[in-house]
Every structure is written in C-alpha cells, then in structure tokens.
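Structure file my_file-v1.cif with mmCIF, C-alpha atoms and all ligand atoms:
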data_upload
#
loop_
_atom_site.group_PDB
_atom_site.id
_atom_site.type_symbol
_atom_site.label_atom_id
_atom_site.label_comp_id
_atom_site.auth_asym_id
_atom_site.auth_seq_id
_atom_site.Cartn_x
_atom_site.Cartn_y
_atom_site.Cartn_z
ATOM 1 C CA MET A 315 9.519 13.667 1.261
ATOM 2 C CA ILE A 316 6.353 11.914 2.407
ATOM 3 C CA LEU A 317 4.665 10.098 -0.480
ATOM 4 C CA VAL A 318 1.368 8.240 0.088
ATOM 5 C CA LEU A 319 -0.040 5.492 -2.137
ATOM 6 C CA LEU A 320 -3.820 5.354 -1.972
ATOM 7 C CA GLY A 321 -5.875 2.762 -3.809
ATOM 8 C CA PRO A 322 -8.226 -0.204 -3.520
ATOM 9 C CA PRO A 323 -6.973 -3.720 -2.788
ATOM 10 C CA GLY A 324 -5.167 -5.071 -5.823
ATOM 11 C CA ALA A 325 -4.622 -1.641 -7.372
ATOM 12 C CA GLY A 326 -0.871 -2.252 -7.512
ATOM 13 C CA LYS A 327 0.387 -0.385 -4.447
ATOM 14 C CA GLY A 328 2.631 -3.243 -3.326
ATOM 15 C CA THR A 329 3.873 -3.753 -6.890
ATOM 16 C CA GLN A 330 4.864 -0.133 -7.412
ATOM 17 C CA ALA A 331 6.118 0.691 -3.901
ATOM 18 C CA PRO A 332 9.569 -0.988 -4.090
ATOM 19 C CA ARG A 333 10.253 0.496 -7.548
ATOM 20 C CA LEU A 334 9.287 3.982 -6.409
ATOM 21 C CA CYS A 335 11.392 3.641 -3.264
ATOM 22 C CA ALA A 336 14.428 2.513 -5.247
ATOM 23 C CA ASP A 337 14.049 5.317 -7.762
ATOM 24 C CA LEU A 338 13.268 8.091 -5.282
ATOM 25 C CA ASP A 339 15.405 6.875 -2.358
ATOM 26 C CA LEU A 340 12.483 6.505 0.042
ATOM 27 C CA ARG A 341 11.902 4.051 2.874
ATOM 28 C CA GLN A 342 8.832 1.888 2.251
ATOM 29 C CA LEU A 343 6.334 1.512 5.088
ATOM 30 C CA SER A 344 3.488 -0.820 4.135
ATOM 31 C CA SER A 345 0.920 -1.202 6.898
ATOM 32 C CA GLY A 346 -0.313 -4.549 5.523
ATOM 33 C CA ASP A 347 3.246 -5.970 5.421
ATOM 34 C CA VAL A 348 3.976 -4.731 8.944
ATOM 35 C CA LEU A 349 0.765 -6.286 10.317
ATOM 36 C CA ARG A 350 1.291 -9.558 8.405
ATOM 37 C CA ALA A 351 4.827 -9.825 9.823
ATOM 38 C CA GLU A 352 3.396 -9.513 13.352
ATOM 39 C CA LYS A 353 0.854 -12.249 12.556
ATOM 40 C CA ARG A 354 3.587 -14.552 11.226
ATOM 41 C CA LYS A 355 5.736 -14.024 14.315
ATOM 42 C CA GLY A 356 2.701 -14.756 16.528
ATOM 43 C CA THR A 357 3.194 -11.623 18.635
ATOM 44 C CA PRO A 358 0.345 -10.320 20.854
ATOM 45 C CA LEU A 359 -0.167 -7.556 18.271
ATOM 46 C CA GLY A 360 -0.331 -10.160 15.495
ATOM 47 C CA ASP A 361 -2.983 -12.129 17.405
ATOM 48 C CA GLN A 362 -4.930 -8.937 18.040
ATOM 49 C CA VAL A 363 -5.117 -7.941 14.344
ATOM 50 C CA ALA A 364 -5.568 -11.399 12.765
ATOM 51 C CA TRP A 365 -9.383 -11.500 12.796
ATOM 52 C CA PHE A 366 -9.737 -8.029 11.276
ATOM 53 C CA MET A 367 -7.361 -8.859 8.428
ATOM 54 C CA VAL A 368 -8.689 -12.279 7.484
ATOM 55 C CA SER A 369 -12.275 -10.998 7.445
ATOM 56 C CA GLY A 370 -11.495 -7.957 5.286
ATOM 57 C CA ASN A 371 -12.175 -5.409 8.006
ATOM 58 C CA LEU A 372 -9.886 -2.574 8.934
ATOM 59 C CA VAL A 373 -7.691 -2.976 11.981
ATOM 60 C CA PRO A 374 -8.769 -0.383 14.602
ATOM 61 C CA ASP A 375 -7.292 3.072 14.045
ATOM 62 C CA ALA A 376 -5.516 3.263 17.407
ATOM 63 C CA ILE A 377 -3.531 0.068 16.760
ATOM 64 C CA VAL A 378 -2.467 0.867 13.196
ATOM 65 C CA THR A 379 -1.676 4.483 13.929
ATOM 66 C CA GLU A 380 0.611 3.648 16.821
ATOM 67 C CA VAL A 381 2.480 1.003 14.818
ATOM 68 C CA MET A 382 2.916 3.230 11.768
ATOM 69 C CA LEU A 383 3.790 6.478 13.532
ATOM 70 C CA THR A 384 6.428 4.654 15.590
ATOM 71 C CA GLN A 385 8.076 3.406 12.397
ATOM 72 C CA LEU A 386 7.776 6.818 10.754
ATOM 73 C CA LYS A 387 10.422 8.243 13.086
ATOM 74 C CA ASP A 388 13.420 6.771 11.311
ATOM 75 C CA PRO A 389 13.906 7.009 7.532
ATOM 76 C CA ALA A 390 16.989 4.761 7.939
ATOM 77 C CA GLY A 391 19.257 6.922 5.797
ATOM 78 C CA HIS A 392 16.693 7.539 3.056
ATOM 79 C CA ARG A 393 15.328 10.886 1.872
ATOM 80 C CA GLY A 394 11.853 10.236 3.215
ATOM 81 C CA PHE A 395 9.024 7.716 3.365
ATOM 82 C CA LEU A 396 6.625 6.026 1.028
ATOM 83 C CA LEU A 397 3.450 5.056 2.893
ATOM 84 C CA ASP A 398 1.555 2.140 1.335
ATOM 85 C CA GLY A 399 -1.836 1.330 2.868
ATOM 86 C CA PHE A 400 -1.680 4.036 5.525
ATOM 87 C CA PRO A 401 -3.610 6.210 6.170
ATOM 88 C CA ARG A 402 -6.858 4.441 5.385
ATOM 89 C CA THR A 403 -9.433 6.401 7.385
ATOM 90 C CA ALA A 404 -10.035 10.079 8.143
ATOM 91 C CA THR A 405 -8.899 9.495 11.732
ATOM 92 C CA GLN A 406 -5.612 7.958 10.559
ATOM 93 C CA ALA A 407 -5.032 10.805 8.094
ATOM 94 C CA GLU A 408 -5.579 13.413 10.782
ATOM 95 C CA SER A 409 -3.226 11.600 13.192
ATOM 96 C CA LEU A 410 -0.590 11.410 10.480
ATOM 97 C CA ASP A 411 -0.918 15.118 9.690
ATOM 98 C CA LYS A 412 -0.642 16.009 13.365
ATOM 99 C CA SER A 413 2.440 13.874 13.848
ATOM 100 C CA LEU A 414 4.134 15.268 10.737
ATOM 101 C CA ARG A 415 3.259 18.860 11.665
ATOM 102 C CA SER A 416 4.994 18.419 15.014
ATOM 103 C CA LYS A 417 8.190 17.667 13.057
ATOM 104 C CA GLY A 418 7.719 20.519 10.579
ATOM 105 C CA LYS A 419 6.750 18.078 7.824
ATOM 106 C CA ARG A 420 3.623 17.218 5.843
ATOM 107 C CA VAL A 421 2.327 14.810 3.260
ATOM 108 C CA ASN A 422 3.871 16.090 0.025
ATOM 109 C CA LEU A 423 2.056 13.960 -2.516
ATOM 110 C CA VAL A 424 -0.707 11.340 -2.609
ATOM 111 C CA LEU A 425 -0.857 9.095 -5.672
ATOM 112 C CA SER A 426 -4.370 7.689 -5.926
ATOM 113 C CA LEU A 427 -4.485 4.526 -8.053
ATOM 114 C CA GLN A 428 -7.667 4.207 -10.115
ATOM 115 C CA VAL A 429 -8.825 0.702 -11.116
ATOM 116 C CA ALA A 430 -12.343 -0.617 -11.731
ATOM 117 C CA ASP A 431 -13.672 -3.138 -9.207
ATOM 118 C CA GLU A 432 -14.071 -5.792 -11.958
ATOM 119 C CA VAL A 433 -10.311 -5.801 -12.599
ATOM 120 C CA ILE A 434 -9.500 -6.146 -8.910
ATOM 121 C CA VAL A 435 -10.862 -9.652 -8.361
ATOM 122 C CA GLU A 436 -8.809 -11.207 -11.162
ATOM 123 C CA ARG A 437 -5.690 -9.416 -9.979
ATOM 124 C CA ILE A 438 -6.085 -10.503 -6.381
ATOM 125 C CA THR A 439 -7.054 -14.134 -6.892
ATOM 126 C CA GLY A 440 -4.057 -14.576 -9.242
ATOM 127 C CA ARG A 441 -1.640 -12.938 -6.844
ATOM 128 C CA ARG A 442 1.116 -14.903 -5.117
ATOM 129 C CA ILE A 443 3.518 -13.361 -2.618
ATOM 130 C CA CYS A 444 6.879 -14.270 -1.184
ATOM 131 C CA PRO A 445 6.568 -14.645 2.602
ATOM 132 C CA THR A 446 10.290 -13.908 2.993
ATOM 133 C CA CYS A 447 10.895 -10.756 0.921
ATOM 134 C CA ALA A 448 7.232 -9.677 0.322
ATOM 135 C CA ARG A 449 7.783 -9.562 -3.466
ATOM 136 C CA VAL A 450 4.487 -9.657 -5.371
ATOM 137 C CA TYR A 451 3.773 -11.924 -8.377
ATOM 138 C CA HIS A 452 0.744 -12.689 -10.531
ATOM 139 C CA LEU A 453 0.121 -16.069 -12.164
ATOM 140 C CA ARG A 454 -0.710 -14.378 -15.484
ATOM 141 C CA TYR A 455 0.636 -10.814 -15.464
ATOM 142 C CA HIS A 456 3.885 -11.260 -13.550
ATOM 143 C CA PRO A 457 4.729 -14.955 -13.132
ATOM 144 C CA PRO A 458 7.910 -16.088 -11.361
ATOM 145 C CA ALA A 459 10.533 -17.809 -13.536
ATOM 146 C CA GLN A 460 9.854 -21.100 -11.719
ATOM 147 C CA LEU A 461 6.249 -21.946 -10.810
ATOM 148 C CA ASP A 462 5.407 -20.839 -7.235
ATOM 149 C CA ILE A 463 9.047 -20.070 -6.314
ATOM 150 C CA CYS A 464 10.344 -16.561 -5.549
ATOM 151 C CA ASP A 465 12.883 -15.346 -8.148
ATOM 152 C CA VAL A 466 14.850 -13.501 -5.474
ATOM 153 C CA ASP A 467 15.228 -15.889 -2.530
ATOM 154 C CA GLN A 468 13.667 -19.167 -3.799
ATOM 155 C CA SER A 469 11.033 -19.261 -1.036
ATOM 156 C CA PRO A 470 7.797 -21.086 -1.921
ATOM 157 C CA LEU A 471 5.194 -18.457 -2.862
ATOM 158 C CA ILE A 472 1.909 -18.275 -0.939
ATOM 159 C CA LEU A 473 -1.673 -17.101 -1.450
ATOM 160 C CA ARG A 474 -2.691 -14.571 1.189
ATOM 161 C CA ASP A 475 -5.467 -15.793 3.485
ATOM 162 C CA ASP A 476 -7.518 -12.656 2.704
ATOM 163 C CA ASP A 477 -7.267 -13.116 -1.079
ATOM 164 C CA THR A 478 -10.479 -15.155 -1.440
ATOM 165 C CA VAL A 479 -13.417 -13.877 -3.519
ATOM 166 C CA PRO A 480 -15.775 -13.166 -0.558
ATOM 167 C CA VAL A 481 -13.072 -11.426 1.485
ATOM 168 C CA VAL A 482 -12.012 -9.351 -1.529
ATOM 169 C CA ALA A 483 -15.631 -8.190 -1.891
ATOM 170 C CA LYS A 484 -15.610 -7.119 1.747
ATOM 171 C CA ARG A 485 -12.250 -5.341 1.376
ATOM 172 C CA LEU A 486 -13.525 -3.451 -1.659
ATOM 173 C CA ALA A 487 -16.680 -2.355 0.177
ATOM 174 C CA THR A 488 -14.560 -1.247 3.119
ATOM 175 C CA TYR A 489 -12.295 0.694 0.754
ATOM 176 C CA HIS A 490 -15.172 2.581 -0.851
ATOM 177 C CA GLU A 491 -16.745 3.403 2.483
ATOM 178 C CA MET A 492 -13.753 4.233 4.671
ATOM 179 C CA THR A 493 -10.747 5.008 2.471
ATOM 180 C CA GLN A 494 -11.946 6.519 -0.792
ATOM 181 C CA PRO A 495 -13.199 9.665 1.033
ATOM 182 C CA LEU A 496 -9.516 10.444 1.679
ATOM 183 C CA GLU A 497 -9.260 11.456 -1.982
ATOM 184 C CA MET A 498 -11.325 14.532 -1.114
ATOM 185 C CA TYR A 499 -9.331 15.137 2.059
ATOM 186 C CA TYR A 500 -6.057 15.263 0.140
ATOM 187 C CA ARG A 501 -7.540 17.032 -2.889
ATOM 188 C CA GLU A 502 -8.491 19.879 -0.573
ATOM 189 C CA GLN A 503 -4.863 19.977 0.626
ATOM 190 C CA GLY A 504 -3.754 20.252 -3.016
ATOM 191 C CA VAL A 505 -1.576 17.128 -2.846
ATOM 192 C CA LEU A 506 -3.725 14.525 -4.654
ATOM 193 C CA ALA A 507 -2.834 13.151 -8.084
ATOM 194 C CA GLU A 508 -4.874 10.410 -9.753
ATOM 195 C CA VAL A 509 -3.108 7.665 -11.690
ATOM 196 C CA ASP A 510 -4.723 5.284 -14.184
ATOM 197 C CA ALA A 511 -3.628 1.975 -12.634
ATOM 198 C CA ALA A 512 -5.398 -0.228 -15.216
ATOM 199 C CA GLN A 513 -2.393 0.054 -17.543
ATOM 200 C CA SER A 514 0.647 -2.222 -17.472
ATOM 201 C CA PRO A 515 2.895 -2.053 -14.372
ATOM 202 C CA ASP A 516 5.648 -0.321 -16.405
ATOM 203 C CA GLU A 517 3.242 2.298 -17.735
ATOM 204 C CA VAL A 518 1.818 2.934 -14.263
ATOM 205 C CA PHE A 519 5.320 3.305 -12.837
ATOM 206 C CA ALA A 520 6.408 5.706 -15.583
ATOM 207 C CA ARG A 521 3.344 7.880 -15.017
ATOM 208 C CA MET A 522 3.911 7.941 -11.255
ATOM 209 C CA ILE A 523 7.523 9.012 -11.650
ATOM 210 C CA GLU A 524 6.474 11.701 -14.100
ATOM 211 C CA ILE A 525 3.973 13.080 -11.569
ATOM 212 C CA VAL A 526 6.439 12.947 -8.670
ATOM 213 C CA ARG A 527 9.106 14.769 -10.653
ATOM 214 C CA SER A 528 6.683 17.463 -11.814
ATOM 215 C CA ARG A 529 5.226 18.054 -8.334
ATOM 216 C CA TRP A 530 8.180 17.609 -6.045
ATOM 217 C CA GLU A 531 10.991 20.054 -6.332
ATOM 218 C CA GLY A 532 13.401 18.429 -3.904
ATOM 219 C CA GLY A 533 11.956 19.407 -0.508
ATOM 220 C CA SER A 534 12.447 17.074 2.438
HETATM 221 P P1 LIG A 601 -2.932 -4.482 2.623
HETATM 222 O O1 LIG A 601 -1.891 -5.503 2.663
HETATM 223 O O2 LIG A 601 -2.538 -3.050 2.631
HETATM 224 O O3 LIG A 601 -3.864 -4.831 1.398
HETATM 225 P P2 LIG A 601 -4.683 -3.930 0.361
HETATM 226 O O4 LIG A 601 -4.681 -2.462 0.549
HETATM 227 O O5 LIG A 601 -6.006 -4.583 0.364
HETATM 228 O O6 LIG A 601 -3.887 -4.009 -0.903
HETATM 229 P P3 LIG A 601 -3.301 -5.285 -1.552
HETATM 230 O O7 LIG A 601 -2.006 -5.636 -0.897
HETATM 231 O O8 LIG A 601 -4.338 -6.369 -1.620
HETATM 232 O O9 LIG A 601 -3.125 -4.771 -3.045
HETATM 233 P P4 LIG A 601 -2.021 -3.859 -3.733
HETATM 234 O O10 LIG A 601 -2.629 -2.565 -4.124
HETATM 235 O O11 LIG A 601 -0.763 -3.813 -2.920
HETATM 236 O O12 LIG A 601 -1.833 -4.697 -5.062
HETATM 237 P P5 LIG A 601 -0.582 -5.556 -5.576
HETATM 238 O O13 LIG A 601 0.520 -4.640 -5.969
HETATM 239 O O14 LIG A 601 -0.253 -6.647 -4.620
HETATM 240 O O15 LIG A 601 -3.941 -4.670 3.841
HETATM 241 C C1 LIG A 601 -4.397 -5.935 4.220
HETATM 242 C C2 LIG A 601 -5.265 -5.817 5.471
HETATM 243 O O16 LIG A 601 -4.493 -5.259 6.561
HETATM 244 C C3 LIG A 601 -6.472 -4.878 5.347
HETATM 245 O O17 LIG A 601 -7.583 -5.507 4.767
HETATM 246 C C4 LIG A 601 -6.689 -4.494 6.818
HETATM 247 O O18 LIG A 601 -7.336 -5.516 7.531
HETATM 248 C C5 LIG A 601 -5.264 -4.370 7.349
HETATM 249 N N1 LIG A 601 -4.726 -3.007 7.209
HETATM 250 C C6 LIG A 601 -3.639 -2.635 6.453
HETATM 251 N N2 LIG A 601 -3.437 -1.302 6.571
HETATM 252 C C7 LIG A 601 -4.406 -0.834 7.397
HETATM 253 C C8 LIG A 601 -4.741 0.468 7.885
HETATM 254 N N3 LIG A 601 -4.022 1.553 7.538
HETATM 255 N N4 LIG A 601 -5.800 0.579 8.702
HETATM 256 C C9 LIG A 601 -6.530 -0.495 9.074
HETATM 257 N N5 LIG A 601 -6.279 -1.749 8.643
HETATM 258 C C10 LIG A 601 -5.224 -1.912 7.821
HETATM 259 O O19 LIG A 601 -1.219 -6.143 -6.925
HETATM 260 C C11 LIG A 601 -2.226 -7.137 -6.884
HETATM 261 C C12 LIG A 601 -1.964 -8.182 -7.980
HETATM 262 O O20 LIG A 601 -2.118 -7.558 -9.261
HETATM 263 C C13 LIG A 601 -0.539 -8.747 -7.951
HETATM 264 O O21 LIG A 601 -0.573 -10.107 -8.287
HETATM 265 C C14 LIG A 601 0.215 -7.951 -9.043
HETATM 266 O O22 LIG A 601 1.230 -8.731 -9.654
HETATM 267 C C15 LIG A 601 -0.908 -7.622 -10.029
HETATM 268 N N6 LIG A 601 -0.737 -6.312 -10.631
HETATM 269 C C16 LIG A 601 -0.310 -5.170 -10.041
HETATM 270 N N7 LIG A 601 -0.303 -4.138 -10.900
HETATM 271 C C17 LIG A 601 -0.752 -4.641 -12.079
HETATM 272 C C18 LIG A 601 -0.981 -4.074 -13.365
HETATM 273 N N8 LIG A 601 -0.750 -2.773 -13.620
HETATM 274 N N9 LIG A 601 -1.445 -4.896 -14.344
HETATM 275 C C19 LIG A 601 -1.699 -6.210 -14.115
HETATM 276 N N10 LIG A 601 -1.492 -6.815 -12.918
HETATM 277 C C20 LIG A 601 -1.020 -6.039 -11.906
#
Show me this structure written as structure tokens.
Ligand code: AP5
Amino acid sequence: MILVLLGPPGAGKGTQAPRLCADLDLRQLSSGDVLRAEKRKGTPLGDQVAWFMVSGNLVPDAIVTEVMLTQLKDPAGHRGFLLDGFPRTATQAESLDKSLRSKGKRVNLVLSLQVADEVIVERITGRRICPTCARVYHLRYHPPAQLDICDVDQSPLILRDDDTVPVVAKRLATYHEMTQPLEMYYREQGVLAEVDAAQSPDEVFARMIEIVRSRWEGGS
C-alpha cells in the first residue's frame, strides 16, 4: 500500500505518521526528516538544501524526487510505504505516479489534513523535536515527561530552525500555492480523503484509521 499524508506545516503529519505506520505495518518516509538528517550530517546534499529549508522555500523538485524515489524501492519488510511531506508539487506527484506505475503500483490513498492557518502558528512555535529519534512534542498539547528531554532516548529536545513566526508564514504561503493544488490532482484520481485535523491527536488518528480501513481492502 502507498499512503500519502498531505497537509500544511504543523497539521500533524509527523505526529500521526509513526502511529499509522505501526498500526498498518508501513515504512515511514518523511521528506523533511530525510533532508534534515542530511543537513545534520553535513553532506553535500545537506549543504545544498539548507538555504531552501531555513527560508521556508521548497527544495527543488529534482533533488527531492531523486532522494525520495531512491528510498521508495525498499519497504524493508513492511507492507508498503507512508509518504509524509512528499509529493509537494504537481511535478513531484507526476514523477511519483510514473515511478509507481513502472512497478505496477499506484498511490492508494491520500489523507489530506485540514487545519486553519491560525491554529498552525501556535502548534509550530510550541513544537519541540528529538534530534535523535525524530519524535514530536508540543509544550502545551504533548509535553515530554521531563522538560525538554525526549521520553524515549533522553536526548535534549530542540526547536527546528524553520519554526520561527516569519518562516512559518512563508511555509504556509508556499503550501497554499504549490501543494494544496494536489488535493484536486488526487481527488480526480478518486484517492483523496479529507480529515479534520483540528481535533485531538487521538481523534485524528482514529478517524484516519477508520478511513484507511474503509477504503483499503488489503491490496499491496
Ligand atoms: P517538513 O519537515 O515536511 O515540514 P512541514 O510539511 O512544514 O510539516 P511540519 O513538520 O512542520 O508539520 P507536521 O504536519 O509534521 O506537524 P507535527 O506533527 O510536527 O518540511 C520542512 C522543509 O523541508 C520544507 O519547508 C521544505 O523546505 C523541505 N521539504 C520537505 N519535503 C519537501 C518536498 N517534498 N519538496 C520540497 N521541499 C521539501 O505537529 C506540529 C505540532 O503540533 C507538534 O508540536 C505536535 O505535537 C502538535 N500537534 C500535532 N497534532 C496536534 C493536534 N491534533 N492537536 C494539538 N497539537 C497537535
């Protein structure tokens, strides 16, 4: 199964992705996590994408597509993939479709998370992430047991360098211009389902699972 999470920054994609993967036995591929890991390691790719990320712009299609489609080859023993943050432009979506078609596969379901822009800023500025395991916290809605320490591996939590108010505004504008049109693209393919992501994380997760189970009948 190929499941895509679509949604603005701060919609809850990174929060829901690990739960969905555990429940549905999917391998998570998060383009933002992959690119951030390259930045942290200081690879040539990481240096190449750093400016785009910190300024709230999209990384060029050719770079992201190559990185993601390379990783998409191996589900590592899982039943399929969950794509979080990819595709994000029409060009990326078309490249993904082409690549999947060549393997006799397709995008089975796109869950589009709906949250008002006003909610996004509070969610993002209160977010803290674990640089080791990528777990996502929120100072108010999902605090760690110990202030600024990851519950899982005790790493000090960090604020992402693109989680500032001006950069969030830019990321939101970029989302509306470049990514939101994908809702129509996938609606026309009959694979889009909208999810109210303004509810609690547990309610959002329950709704997503309900949709997946009603739409997906066990194909690969
Ligand atoms: P990426 O890392 O993908 O960031 P994003 O899409 O902007 O999404 P976020 O990670 O900010 O939000 P999220 O939806 O995962 O929310 P989260 O679950 O953390 O991309 C970063 C950058 O990389 C891009 O700007 C771009 O430069 C580049 N990039 C990545 N992919 C690319 C691509 N395909 N093409 C080109 N460039 C690309 O939740 C946010 C906070 O809210 C958390 O604190 C969480 O605890 C809290 N929260 C979550 N759900 C709820 C809820 N229901 N109620 C209350 N609080 C909640």
Expand the PyMOL selection byres (((chain A and resi 386) around 10) and not hetatm) into the explicit residue set it covers here, and present it as a list in words.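 That selection, the PyMOL selection byres (((chain A and resi 386) around 10) and not hetatm), comes back as Ile316, Arg341, Gln342, Leu343, Glu380, Val381, Met382, Leu383, Thr384, Gln385, Lys387, Asp388, Pro389, Ala390, Gly394, Phe395, Leu396, Leu397, Leu410, Ser413 and Leu414 of chain A.
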Using all atoms listed in the file, find the one residue out of A:Ala407, A:Glu432, A:Val368, A:Val363 that sits nearest to Arg420 of chain A.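 Ranking A:Ala407, A:Glu432, A:Val368, A:Val363 by distance to Arg420 of chain A, first place goes to A:Ala407.
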Residues near Thr403 of chain A, anyone? I mean within 12 Å using only C-alpha atoms, not counting same-chain ones fewer than 2 positions away, as a PyMOL selection string. chain A and resi 320+372-376+378-379+399-401+405-410+488-500
Atoms kept (C-alpha atoms) for selection, written as an mmCIF file, in the frame of the given file:
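selection09.cif, written as the output of this step:
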data_model
loop_
_atom_site.group_PDB
_atom_site.id
_atom_site.type_symbol
_atom_site.label_atom_id
_atom_site.label_comp_id
_atom_site.auth_asym_id
_atom_site.auth_seq_id
_atom_site.Cartn_x
_atom_site.Cartn_y
_atom_site.Cartn_z
ATOM 1 C CA LEU A 320 -3.820 5.354 -1.972
ATOM 2 C CA LEU A 372 -9.886 -2.574 8.934
ATOM 3 C CA VAL A 373 -7.691 -2.976 11.981
ATOM 4 C CA PRO A 374 -8.769 -0.383 14.602
ATOM 5 C CA ASP A 375 -7.292 3.072 14.045
ATOM 6 C CA ALA A 376 -5.516 3.263 17.407
ATOM 7 C CA VAL A 378 -2.467 0.867 13.196
ATOM 8 C CA THR A 379 -1.676 4.483 13.929
ATOM 9 C CA GLY A 399 -1.836 1.330 2.868
ATOM 10 C CA PHE A 400 -1.680 4.036 5.525
ATOM 11 C CA PRO A 401 -3.610 6.210 6.170
ATOM 12 C CA THR A 405 -8.899 9.495 11.732
ATOM 13 C CA GLN A 406 -5.612 7.958 10.559
ATOM 14 C CA ALA A 407 -5.032 10.805 8.094
ATOM 15 C CA GLU A 408 -5.579 13.413 10.782
ATOM 16 C CA SER A 409 -3.226 11.600 13.192
ATOM 17 C CA LEU A 410 -0.590 11.410 10.480
ATOM 18 C CA THR A 488 -14.560 -1.247 3.119
ATOM 19 C CA TYR A 489 -12.295 0.694 0.754
ATOM 20 C CA HIS A 490 -15.172 2.581 -0.851
ATOM 21 C CA GLU A 491 -16.745 3.403 2.483
ATOM 22 C CA MET A 492 -13.753 4.233 4.671
ATOM 23 C CA THR A 493 -10.747 5.008 2.471
ATOM 24 C CA GLN A 494 -11.946 6.519 -0.792
ATOM 25 C CA PRO A 495 -13.199 9.665 1.033
ATOM 26 C CA LEU A 496 -9.516 10.444 1.679
ATOM 27 C CA GLU A 497 -9.260 11.456 -1.982
ATOM 28 C CA MET A 498 -11.325 14.532 -1.114
ATOM 29 C CA TYR A 499 -9.331 15.137 2.059
ATOM 30 C CA TYR A 500 -6.057 15.263 0.140
#
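Counting from atom CA of Leu319 of chain A, the distance to atom CA of Val509 of chain A is 10.3 Å.
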Evaluate the PyMOL selection byres (((chain A and resi 486) around 12) and not hetatm) on the structure here and hand back the selected residues as an MDAnalysis selection string. chainID A and resid 321:325 369:372 429:435 438 476:477 479:485 487:494
